[in-house]
Amino acid sequence: MTALVLLSYEENQIRSTSRSTIAAAKKFGEVHALLVGHNLSELSQKAAKLEGVTKVLVADHEAYAHMLAQPVTDLILSIAETYDYILVSANAEGKDILPRVAGLLDVQPITDVVEVVNENTFVRPIYAGSILATVKSSDNKKLLSIRGTAFEPVSDEGGQASIEALSKVAHSEKALAQFVSVEVTKSDRPELESARVIISGGRGMQSGANFAMLEKIADILDAAIGASRAAVDAGYVGNDYQVGQTGKIVAPQLYIAVGISGAIQHLAGMKDSKIIVAINKDPDAPIFKVADYGIIGDLFEILPQLENRLANR
Amino acid sequence: MKVLVPVKRVVDSNIKPLVKSDNSGVETDGLKMSMNPFDETAVEEAVRLKEQNIVSEIVAVSIGEAKCQDTLRTAMAMGAYRSILITSDELLEPLSIAKILQKIVEKEQPNLVLMGKQASDDDTNATGQILAGLLGWSQGTFVSKLELTSDKARVHREIDEGVQILDLTLPAVITTDLRLNEPRFASLPNIMKARKKPIETIALSDMDIKTTTRLEMLSVKEASTSREGIILNSVEELVEKLQNEAKVI
């Protein structure tokens, strides 16, 4: 059995979620990685070192520069025949592409896989993560998106994969979508999906300016900053901060929820964190039910104290 | 311009359903059912585009048991002009739903299919993309802002590192993020009016589509979320616990 993993990357770094996807793919047999984009020479070298990958297929063409669904789908379809499994990371990119490929292969995709039970049986969350369903696929080919937090990523070194350039550009003549621009949120902090520590703010923060209080603590702990949907909808921070059912799924060593009530949709995104701390003034807030440690009180008093204590420990 | 809006009837997203005692599935009997909130966003957007005279006709479509009529009535109370109901008692997967929608698109010839990016029950996030693939149309997924003109759709997509803007050639399938808008509540007069709007009913069995189930649900279980947490009295105590007990800082 051979599995194909579509790699996800940002600024010449392969995302850790892709290394988790490779970890899942290794359960099926040999793993080939597919690198799609433009100007990929540095990334190809990095991909070849990924633990457990035996071959890296590289499709380097300007038509692939923005990983648009249509050309990438056409490319995957052109090589799909030889693979029993096609895996992507369950991030925005993977979720955009995988079902389009699946439909054209007449396969029902299995999304957000959190456990591989055996070669055709998988566990995935439903109802905003409150229920786990075990599903068995009767499709000949399995198309899976893998939730990165559920699989320990493979190492980014030690592999010795061969690199093979895919010369035939498989996208159709007429592009259906034109890239206009991307607004990237620049940050020196670790990215949410791979951060060891995350501190998140909710509606209780009362304003975007108050997120500066979280930033000070994040600086001390080298933490990423997250937010609940309520905080994003209120305009405090951008949507790329959002943790939850419709945002990012995270599982850091430490998750600090500040002024977040704990709606089921938010819990869906962070409940697998190792240690959860809740700071909220409402003792009945559902967030306390999922927290390991809670402090009931006014966050505007507690945060400066916490910053001070952490800085002087 | 004509827009097709598929809507799904789901357990109300504010309710947490329970697992059946034999773990064979999710108990949905007797629970309040509503329109999938992601689809509600799609209906709202279509109605706003109609109010701006960019869209001329909105057709809602739902697939499932007869009670999906209620969901279609809601869509029509919000502003859809008419509806199509494909009746079936089978449990249908996104692949099958997309195949059915493909037939409806071929029949109705819309310029745009606007639908929720996922359903709040199975959270699959696939039907729109599958449909776009089957139709050979462009797709704009997870859209939080939409600017529509007669020949193209400019979409702002929520992606991992920020926002990506694409121009899609029409016809297109666009899937909506909850951030796109705040859906309206239908007014009583509009609810009354919606009762008189037409619903065309088609039996799935008359449609000549193979809907074999590919994914068998073997079992379900509650995801464990609750923890034996403790409430601490001070920040000092918290930092001490994080350092010495949890050892995470």
# chains A, B, ... in the order shown; residues from 1 in each chain; ligands from 1
>>> select_by_dssp(residues="segment 44-137 of chain A", states="alpha helix (DSSP H)", output="number ranges by chain")
A: 44-48, 69-79, 92-105
>>> closest_atom_pairs(of="chain B", to="chain A", cutoff="7 Å", atoms="only C-alpha atoms", output="Markdown table")
| residue | atom | partner | partner_atom | distance |
| --- | --- | --- | --- | --- |
| B:Leu95 | CA | A:Gln108 | CA | 5.5 |
| B:Ser120 | CA | A:Tyr127 | CA | 6.1 |
| B:Asp121 | CA | A:Tyr127 | CA | 4.7 |
| B:Asp122 | CA | A:Ile126 | CA | 4.8 |
| B:Asp123 | CA | A:Ile126 | CA | 5.7 |
| B:Thr124 | CA | A:Thr111 | CA | 5.9 |
| B:Ala126 | CA | A:Pro99 | CA | 5.2 |
| B:Gln129 | CA | A:Arg100 | CA | 4.9 |
| B:Ile130 | CA | A:Arg100 | CA | 4.6 |
| B:Ala132 | CA | A:Arg100 | CA | 6.9 |
| B:Gly133 | CA | A:Arg100 | CA | 4.9 |
| B:Leu134 | CA | A:Leu104 | CA | 6.2 |
| B:Ser138 | CA | A:Leu176 | CA | 5.1 |
| B:Thr141 | CA | A:Asp96 | CA | 6.4 |
| B:Ile159 | CA | A:Ala92 | CA | 5.3 |
| B:Asp160 | CA | A:Ala92 | CA | 5.9 |
| B:Glu161 | CA | A:Val184 | CA | 5.5 |
| B:Gly162 | CA | A:Val184 | CA | 4.7 |
| B:Val163 | CA | A:Glu183 | CA | 5.1 |
| B:Gln164 | CA | A:Val182 | CA | 4.3 |
| B:Ile165 | CA | A:Ser181 | CA | 5.2 |
| B:Leu166 | CA | A:Phe179 | CA | 4.7 |
| B:Asp167 | CA | A:Gln178 | CA | 5.0 |
| B:Leu168 | CA | A:Ala177 | CA | 4.5 |
| B:Thr169 | CA | A:Leu176 | CA | 5.4 |
| B:Arg214 | CA | A:Ser138 | CA | 5.2 |
| B:Leu215 | CA | A:Ser137 | CA | 4.6 |
| B:Glu216 | CA | A:Lys136 | CA | 5.0 |
| B:Met217 | CA | A:Val135 | CA | 4.5 |
| B:Leu218 | CA | A:Thr134 | CA | 5.5 |
| B:Ser219 | CA | A:Thr134 | CA | 5.3 |
| B:Val220 | CA | A:Ala133 | CA | 4.3 |
| B:Lys221 | CA | A:Leu132 | CA | 5.4 |
| B:Glu222 | CA | A:Ile131 | CA | 4.6 |
| B:Ala223 | CA | A:Ile131 | CA | 5.0 |
| B:Thr225 | CA | A:Val290 | CA | 5.7 |
| B:Ser226 | CA | A:Val290 | CA | 4.5 |
| B:Arg227 | CA | A:Val290 | CA | 5.1 |
| B:Glu228 | CA | A:Asp292 | CA | 6.5 |
| B:Gly229 | CA | A:Asp292 | CA | 4.0 |
| B:Ile230 | CA | A:Tyr293 | CA | 5.2 |
| B:Ile231 | CA | A:Gly294 | CA | 4.6 |
| B:Leu232 | CA | A:Ile295 | CA | 5.4 |
| B:Asn233 | CA | A:Ile295 | CA | 6.5 |
| B:Val235 | CA | A:Leu306 | CA | 5.8 |
| B:Glu236 | CA | A:Arg309 | CA | 6.8 |
| B:Val248 | CA | A:Gln253 | CA | 6.3 |
>>> write_last_selection(atoms="C-alpha atoms", output="mmCIF file, in the first residue's frame")
data_model
loop_
_atom_site.group_PDB
_atom_site.id
_atom_site.type_symbol
_atom_site.label_atom_id
_atom_site.label_comp_id
_atom_site.auth_asym_id
_atom_site.auth_seq_id
_atom_site.Cartn_x
_atom_site.Cartn_y
_atom_site.Cartn_z
ATOM 1 C CA LEU B 95 -20.879 12.773 -2.073
ATOM 2 C CA SER B 120 -23.083 21.801 12.201
ATOM 3 C CA ASP B 121 -24.045 18.143 12.690
ATOM 4 C CA ASP B 122 -21.500 16.062 10.749
ATOM 5 C CA ASP B 123 -18.948 18.896 10.333
ATOM 6 C CA THR B 124 -17.665 17.273 7.118
ATOM 7 C CA ALA B 126 -17.023 18.796 1.702
ATOM 8 C CA GLN B 129 -16.099 21.420 -3.018
ATOM 9 C CA ILE B 130 -17.362 18.069 -4.361
ATOM 10 C CA ALA B 132 -17.731 22.362 -7.751
ATOM 11 C CA GLY B 133 -15.529 19.485 -8.907
ATOM 12 C CA LEU B 134 -18.420 17.513 -10.420
ATOM 13 C CA SER B 138 -14.678 27.412 -9.828
ATOM 14 C CA THR B 141 -14.515 28.186 0.097
ATOM 15 C CA ILE B 159 -7.182 30.781 5.353
ATOM 16 C CA ASP B 160 -4.676 29.702 7.997
ATOM 17 C CA GLU B 161 -2.324 32.642 7.709
ATOM 18 C CA GLY B 162 -4.917 35.367 7.115
ATOM 19 C CA VAL B 163 -7.243 36.280 4.275
ATOM 20 C CA GLN B 164 -6.853 35.305 0.615
ATOM 21 C CA ILE B 165 -8.681 37.202 -2.117
ATOM 22 C CA LEU B 166 -9.623 35.435 -5.348
ATOM 23 C CA ASP B 167 -11.598 36.380 -8.432
ATOM 24 C CA LEU B 168 -13.824 33.510 -9.488
ATOM 25 C CA THR B 169 -15.175 33.058 -12.979
ATOM 26 C CA ARG B 214 -19.566 4.619 1.364
ATOM 27 C CA LEU B 215 -19.057 5.374 5.025
ATOM 28 C CA GLU B 216 -20.628 3.031 7.506
ATOM 29 C CA MET B 217 -21.040 4.484 10.984
ATOM 30 C CA LEU B 218 -19.815 1.679 13.249
ATOM 31 C CA SER B 219 -20.264 3.437 16.572
ATOM 32 C CA VAL B 220 -20.262 6.777 18.333
ATOM 33 C CA LYS B 221 -19.134 7.854 21.764
ATOM 34 C CA GLU B 222 -19.120 11.015 23.821
ATOM 35 C CA ALA B 223 -15.862 12.930 23.519
ATOM 36 C CA THR B 225 -14.248 17.089 27.762
ATOM 37 C CA SER B 226 -14.841 17.540 31.465
ATOM 38 C CA ARG B 227 -11.886 17.478 33.829
ATOM 39 C CA GLU B 228 -11.542 17.267 37.574
ATOM 40 C CA GLY B 229 -10.460 20.853 37.736
ATOM 41 C CA ILE B 230 -9.721 22.843 40.852
ATOM 42 C CA ILE B 231 -10.486 26.473 41.557
ATOM 43 C CA LEU B 232 -7.485 28.375 42.880
ATOM 44 C CA ASN B 233 -7.572 31.464 45.055
ATOM 45 C CA VAL B 235 -2.223 33.883 40.864
ATOM 46 C CA GLU B 236 0.659 32.739 43.079
ATOM 47 C CA VAL B 248 4.195 23.054 31.759
#
>>> closest_residue(among="A:Ala161, A:Arg15, A:Val117, A:Phe151", to="Glu30 of chain A", atoms="only C-alpha atoms")
A:Ala161
>>> select_by_dssp(residues="segment 125-301 of chain A", states="strand (DSSP E or B)", output="number ranges by chain")
A: 125-126, 131-137, 142-146, 162-165, 177-184, 197-201, 224-227, 242-243, 248, 254-258, 275-280, 293-296
>>> write_last_selection(atoms="C-alpha atoms", output="PDB file, in the first residue's frame")
ATOM      1  CA  PRO A 125     -15.420  14.226  15.516  1.00  0.00           C
ATOM      2  CA  ILE A 126     -18.996  15.320  14.814  1.00  0.00           C
ATOM      3  CA  ILE A 131     -19.131  13.233  19.794  1.00  0.00           C
ATOM      4  CA  LEU A 132     -16.575  10.919  18.188  1.00  0.00           C
ATOM      5  CA  ALA A 133     -17.788   8.706  15.346  1.00  0.00           C
ATOM      6  CA  THR A 134     -16.030   5.550  14.173  1.00  0.00           C
ATOM      7  CA  VAL A 135     -16.589   5.137  10.436  1.00  0.00           C
ATOM      8  CA  LYS A 136     -15.658   2.400   7.991  1.00  0.00           C
ATOM      9  CA  SER A 137     -15.036   3.260   4.371  1.00  0.00           C
ATOM     10  CA  LYS A 142      -9.298   6.429   0.879  1.00  0.00           C
ATOM     11  CA  LEU A 143      -9.112  10.211   0.920  1.00  0.00           C
ATOM     12  CA  LEU A 144      -8.444  11.584   4.371  1.00  0.00           C
ATOM     13  CA  SER A 145      -7.823  14.929   5.985  1.00  0.00           C
ATOM     14  CA  ILE A 146      -5.824  14.557   9.174  1.00  0.00           C
ATOM     15  CA  SER A 162      14.386  10.659  -3.602  1.00  0.00           C
ATOM     16  CA  ILE A 163      13.154  13.799  -5.340  1.00  0.00           C
ATOM     17  CA  GLU A 164      11.204  13.461  -8.557  1.00  0.00           C
ATOM     18  CA  ALA A 165      10.066  16.457 -10.566  1.00  0.00           C
ATOM     19  CA  ALA A 177      -9.952  31.409 -10.333  1.00  0.00           C
ATOM     20  CA  GLN A 178      -7.442  34.249 -10.337  1.00  0.00           C
ATOM     21  CA  PHE A 179      -5.342  35.023  -7.310  1.00  0.00           C
ATOM     22  CA  VAL A 180      -5.698  38.677  -6.301  1.00  0.00           C
ATOM     23  CA  SER A 181      -3.873  39.047  -3.015  1.00  0.00           C
ATOM     24  CA  VAL A 182      -3.304  37.645   0.415  1.00  0.00           C
ATOM     25  CA  GLU A 183      -3.329  39.544   3.666  1.00  0.00           C
ATOM     26  CA  VAL A 184      -0.985  37.720   5.990  1.00  0.00           C
ATOM     27  CA  VAL A 197       1.606  27.605  25.103  1.00  0.00           C
ATOM     28  CA  ILE A 198      -1.459  29.532  23.958  1.00  0.00           C
ATOM     29  CA  ILE A 199      -3.192  32.372  25.732  1.00  0.00           C
ATOM     30  CA  SER A 200      -6.622  33.181  24.325  1.00  0.00           C
ATOM     31  CA  GLY A 201      -9.041  36.010  24.934  1.00  0.00           C
ATOM     32  CA  ALA A 224       0.783  32.138  20.649  1.00  0.00           C
ATOM     33  CA  ILE A 225      -2.316  34.300  21.028  1.00  0.00           C
ATOM     34  CA  GLY A 226      -5.760  32.942  20.266  1.00  0.00           C
ATOM     35  CA  ALA A 227      -9.327  34.148  20.533  1.00  0.00           C
ATOM     36  CA  GLN A 242      -9.855  32.056  16.107  1.00  0.00           C
ATOM     37  CA  VAL A 243      -9.724  28.764  17.986  1.00  0.00           C
ATOM     38  CA  LYS A 248      -8.107  26.462  14.357  1.00  0.00           C
ATOM     39  CA  LEU A 254      -0.771  24.836  28.207  1.00  0.00           C
ATOM     40  CA  TYR A 255      -3.926  26.685  27.132  1.00  0.00           C
ATOM     41  CA  ILE A 256      -4.945  29.769  29.105  1.00  0.00           C
ATOM     42  CA  ALA A 257      -8.529  30.896  28.404  1.00  0.00           C
ATOM     43  CA  VAL A 258      -9.147  34.455  29.531  1.00  0.00           C
ATOM     44  CA  ILE A 275      -3.354  21.637  30.717  1.00  0.00           C
ATOM     45  CA  ILE A 276      -6.208  24.141  30.541  1.00  0.00           C
ATOM     46  CA  VAL A 277      -6.386  27.242  32.722  1.00  0.00           C
ATOM     47  CA  ALA A 278      -9.573  29.312  32.877  1.00  0.00           C
ATOM     48  CA  ILE A 279      -9.798  32.877  34.113  1.00  0.00           C
ATOM     49  CA  ASN A 280     -13.358  34.173  34.223  1.00  0.00           C
ATOM     50  CA  TYR A 293      -7.076  25.085  37.033  1.00  0.00           C
ATOM     51  CA  GLY A 294      -9.493  27.961  37.365  1.00  0.00           C
ATOM     52  CA  ILE A 295      -9.414  31.410  38.843  1.00  0.00           C
ATOM     53  CA  ILE A 296     -12.708  33.203  39.384  1.00  0.00           C
TER      54      ILE A 296
END
>>> residues_around(residues="segment 186-198 of chain B", least_positions_apart="2", cutoff="10 Å", atoms="only C-alpha atoms", output="ChimeraX atom specification")
/B:70,72-84,183-184,200-201
>>> atom_distance(atom1="atom CA of Lys16 of chain B", atom2="atom CA of Ala234 of chain A")
24.8 Å
>>> residues_around(residues="Ile58 of chain B", least_positions_apart="3", cutoff="12 Å", atoms="only C-alpha atoms", output="PyMOL selection string")
chain B and resi 1-6+42-51+53-55+61+72+75-84+108-114
>>> residues_around(residues="Thr127 of chain B", least_positions_apart="6", cutoff="7 Å", atoms="only C-alpha atoms", output="ChimeraX atom specification")
/B:94-95,97-98
>>> write_last_selection(atoms="C-alpha atoms", output="mmCIF file, in the first residue's frame")
data_model
loop_
_atom_site.group_PDB
_atom_site.id
_atom_site.type_symbol
_atom_site.label_atom_id
_atom_site.label_comp_id
_atom_site.auth_asym_id
_atom_site.auth_seq_id
_atom_site.Cartn_x
_atom_site.Cartn_y
_atom_site.Cartn_z
ATOM 1 C CA PRO B 94 -21.898 14.642 1.105
ATOM 2 C CA LEU B 95 -20.879 12.773 -2.073
ATOM 3 C CA ILE B 97 -25.818 15.186 -1.763
ATOM 4 C CA ALA B 98 -23.399 16.767 -4.239
#
>>> residues_around(residues="segment 176-182 of chain B", least_positions_apart="3", cutoff="7 Å", atoms="only C-alpha atoms", output="VMD selection string")
chain B and resid 38 41 to 42 115 to 117 141 to 145
>>> residues_around(residues="segment 43-57 of chain A", least_positions_apart="2", cutoff="12 Å", atoms="only C-alpha atoms", output="PyMOL selection string")
chain A and resi 2-16+18-41+59-60+75-76+79+153-168
>>> closest_residue(among="B:Ile249, B:Val239, B:Leu146, B:Ile86", to="Met207 of chain B", atoms="only C-alpha atoms")
B:Ile86
>>> decode(residues="segment 217-230 of chain B", atoms="all heavy atoms", output="tab-separated table (two decimals), in the first residue's frame")
chain	number	residue	atom	x	y	z
B	217	MET	N	-21.29	4.02	9.62
B	217	MET	CA	-21.04	4.48	10.98
B	217	MET	C	-21.04	3.26	11.90
B	217	MET	O	-22.08	2.63	12.09
B	217	MET	CB	-22.14	5.47	11.39
B	217	MET	CG	-22.05	5.94	12.80
B	217	MET	SD	-21.40	7.60	12.93
B	217	MET	CE	-22.88	8.57	12.73
B	218	LEU	N	-19.89	2.88	12.42
B	218	LEU	CA	-19.82	1.68	13.25
B	218	LEU	C	-20.29	1.96	14.66
B	218	LEU	O	-21.00	1.17	15.26
B	218	LEU	CB	-18.37	1.15	13.29
B	218	LEU	CG	-17.77	0.70	11.95
B	218	LEU	CD1	-16.36	0.17	12.18
B	218	LEU	CD2	-18.63	-0.36	11.28
B	219	SER	N	-19.86	3.09	15.21
B	219	SER	CA	-20.26	3.44	16.57
B	219	SER	C	-19.98	4.90	16.84
B	219	SER	O	-19.22	5.54	16.10
B	219	SER	CB	-19.50	2.58	17.59
B	219	SER	OG	-18.13	2.91	17.56
B	220	VAL	N	-20.59	5.42	17.89
B	220	VAL	CA	-20.26	6.78	18.33
B	220	VAL	C	-20.06	6.75	19.84
B	220	VAL	O	-20.54	5.86	20.53
B	220	VAL	CB	-21.38	7.80	17.99
B	220	VAL	CG1	-21.55	7.96	16.50
B	220	VAL	CG2	-22.69	7.42	18.65
B	221	LYS	N	-19.29	7.71	20.31
B	221	LYS	CA	-19.13	7.85	21.76
B	221	LYS	C	-18.99	9.33	22.11
B	221	LYS	O	-18.63	10.15	21.26
B	221	LYS	CB	-17.93	7.06	22.27
B	221	LYS	CG	-16.60	7.54	21.72
B	221	LYS	CD	-15.43	6.78	22.31
B	221	LYS	CE	-14.12	7.30	21.75
B	221	LYS	NZ	-12.93	6.58	22.18
B	222	GLU	N	-19.29	9.64	23.36
B	222	GLU	CA	-19.12	11.01	23.82
B	222	GLU	C	-17.63	11.33	23.85
B	222	GLU	O	-16.83	10.50	24.29
B	222	GLU	CB	-19.64	11.17	25.26
B	222	GLU	CG	-21.11	10.85	25.45
B	222	GLU	CD	-22.01	12.03	25.16
B	222	GLU	OE1	-21.49	13.15	25.04
B	222	GLU	OE2	-23.23	11.81	25.04
B	223	ALA	N	-17.26	12.50	23.38
B	223	ALA	CA	-15.86	12.93	23.52
B	223	ALA	C	-15.70	13.44	24.95
B	223	ALA	O	-16.54	14.19	25.44
B	223	ALA	CB	-15.56	14.04	22.53
B	224	SER	N	-14.68	12.97	25.61
B	224	SER	CA	-14.53	13.41	26.99
B	224	SER	C	-14.00	14.83	27.01
B	224	SER	O	-13.00	15.15	26.39
B	224	SER	CB	-13.56	12.49	27.73
B	224	SER	OG	-12.34	12.46	27.05
B	225	THR	N	-14.70	15.71	27.68
B	225	THR	CA	-14.25	17.09	27.76
B	225	THR	C	-14.04	17.52	29.21
B	225	THR	O	-13.13	18.26	29.51
B	225	THR	CB	-15.25	18.06	27.12
B	225	THR	OG1	-16.55	17.71	27.60
B	225	THR	CG2	-15.23	18.00	25.62
B	226	SER	N	-14.90	17.01	30.10
B	226	SER	CA	-14.84	17.54	31.46
B	226	SER	C	-13.62	17.00	32.20
B	226	SER	O	-13.17	15.89	31.98
B	226	SER	CB	-16.11	17.21	32.23
B	226	SER	OG	-16.28	15.83	32.26
B	227	ARG	N	-13.08	17.84	33.04
B	227	ARG	CA	-11.89	17.48	33.83
B	227	ARG	C	-12.17	17.74	35.29
B	227	ARG	O	-13.01	18.56	35.64
B	227	ARG	CB	-10.69	18.33	33.39
B	227	ARG	CG	-10.37	18.17	31.92
B	227	ARG	CD	-9.14	18.95	31.51
B	227	ARG	NE	-8.94	18.82	30.07
B	227	ARG	CZ	-7.79	19.02	29.45
B	227	ARG	NH1	-6.73	19.39	30.13
B	227	ARG	NH2	-7.69	18.88	28.14
B	228	GLU	N	-11.43	17.06	36.13
B	228	GLU	CA	-11.54	17.27	37.57
B	228	GLU	C	-10.74	18.51	37.94
B	228	GLU	O	-9.69	18.42	38.56
B	228	GLU	CB	-11.00	16.04	38.32
B	228	GLU	CG	-11.79	14.78	38.09
B	228	GLU	CD	-13.08	14.75	38.89
B	228	GLU	OE1	-13.06	15.17	40.07
B	228	GLU	OE2	-14.11	14.34	38.32
B	229	GLY	N	-11.23	19.63	37.52
B	229	GLY	CA	-10.46	20.85	37.74
B	229	GLY	C	-10.57	21.37	39.16
B	229	GLY	O	-11.48	21.00	39.90
B	230	ILE	N	-9.64	22.21	39.54
B	230	ILE	CA	-9.72	22.84	40.85
B	230	ILE	C	-9.71	24.36	40.69
B	230	ILE	O	-9.07	24.90	39.79
B	230	ILE	CB	-8.57	22.41	41.80
B	230	ILE	CG1	-7.21	22.52	41.11
B	230	ILE	CG2	-8.79	21.01	42.33
B	230	ILE	CD1	-6.04	22.30	42.03
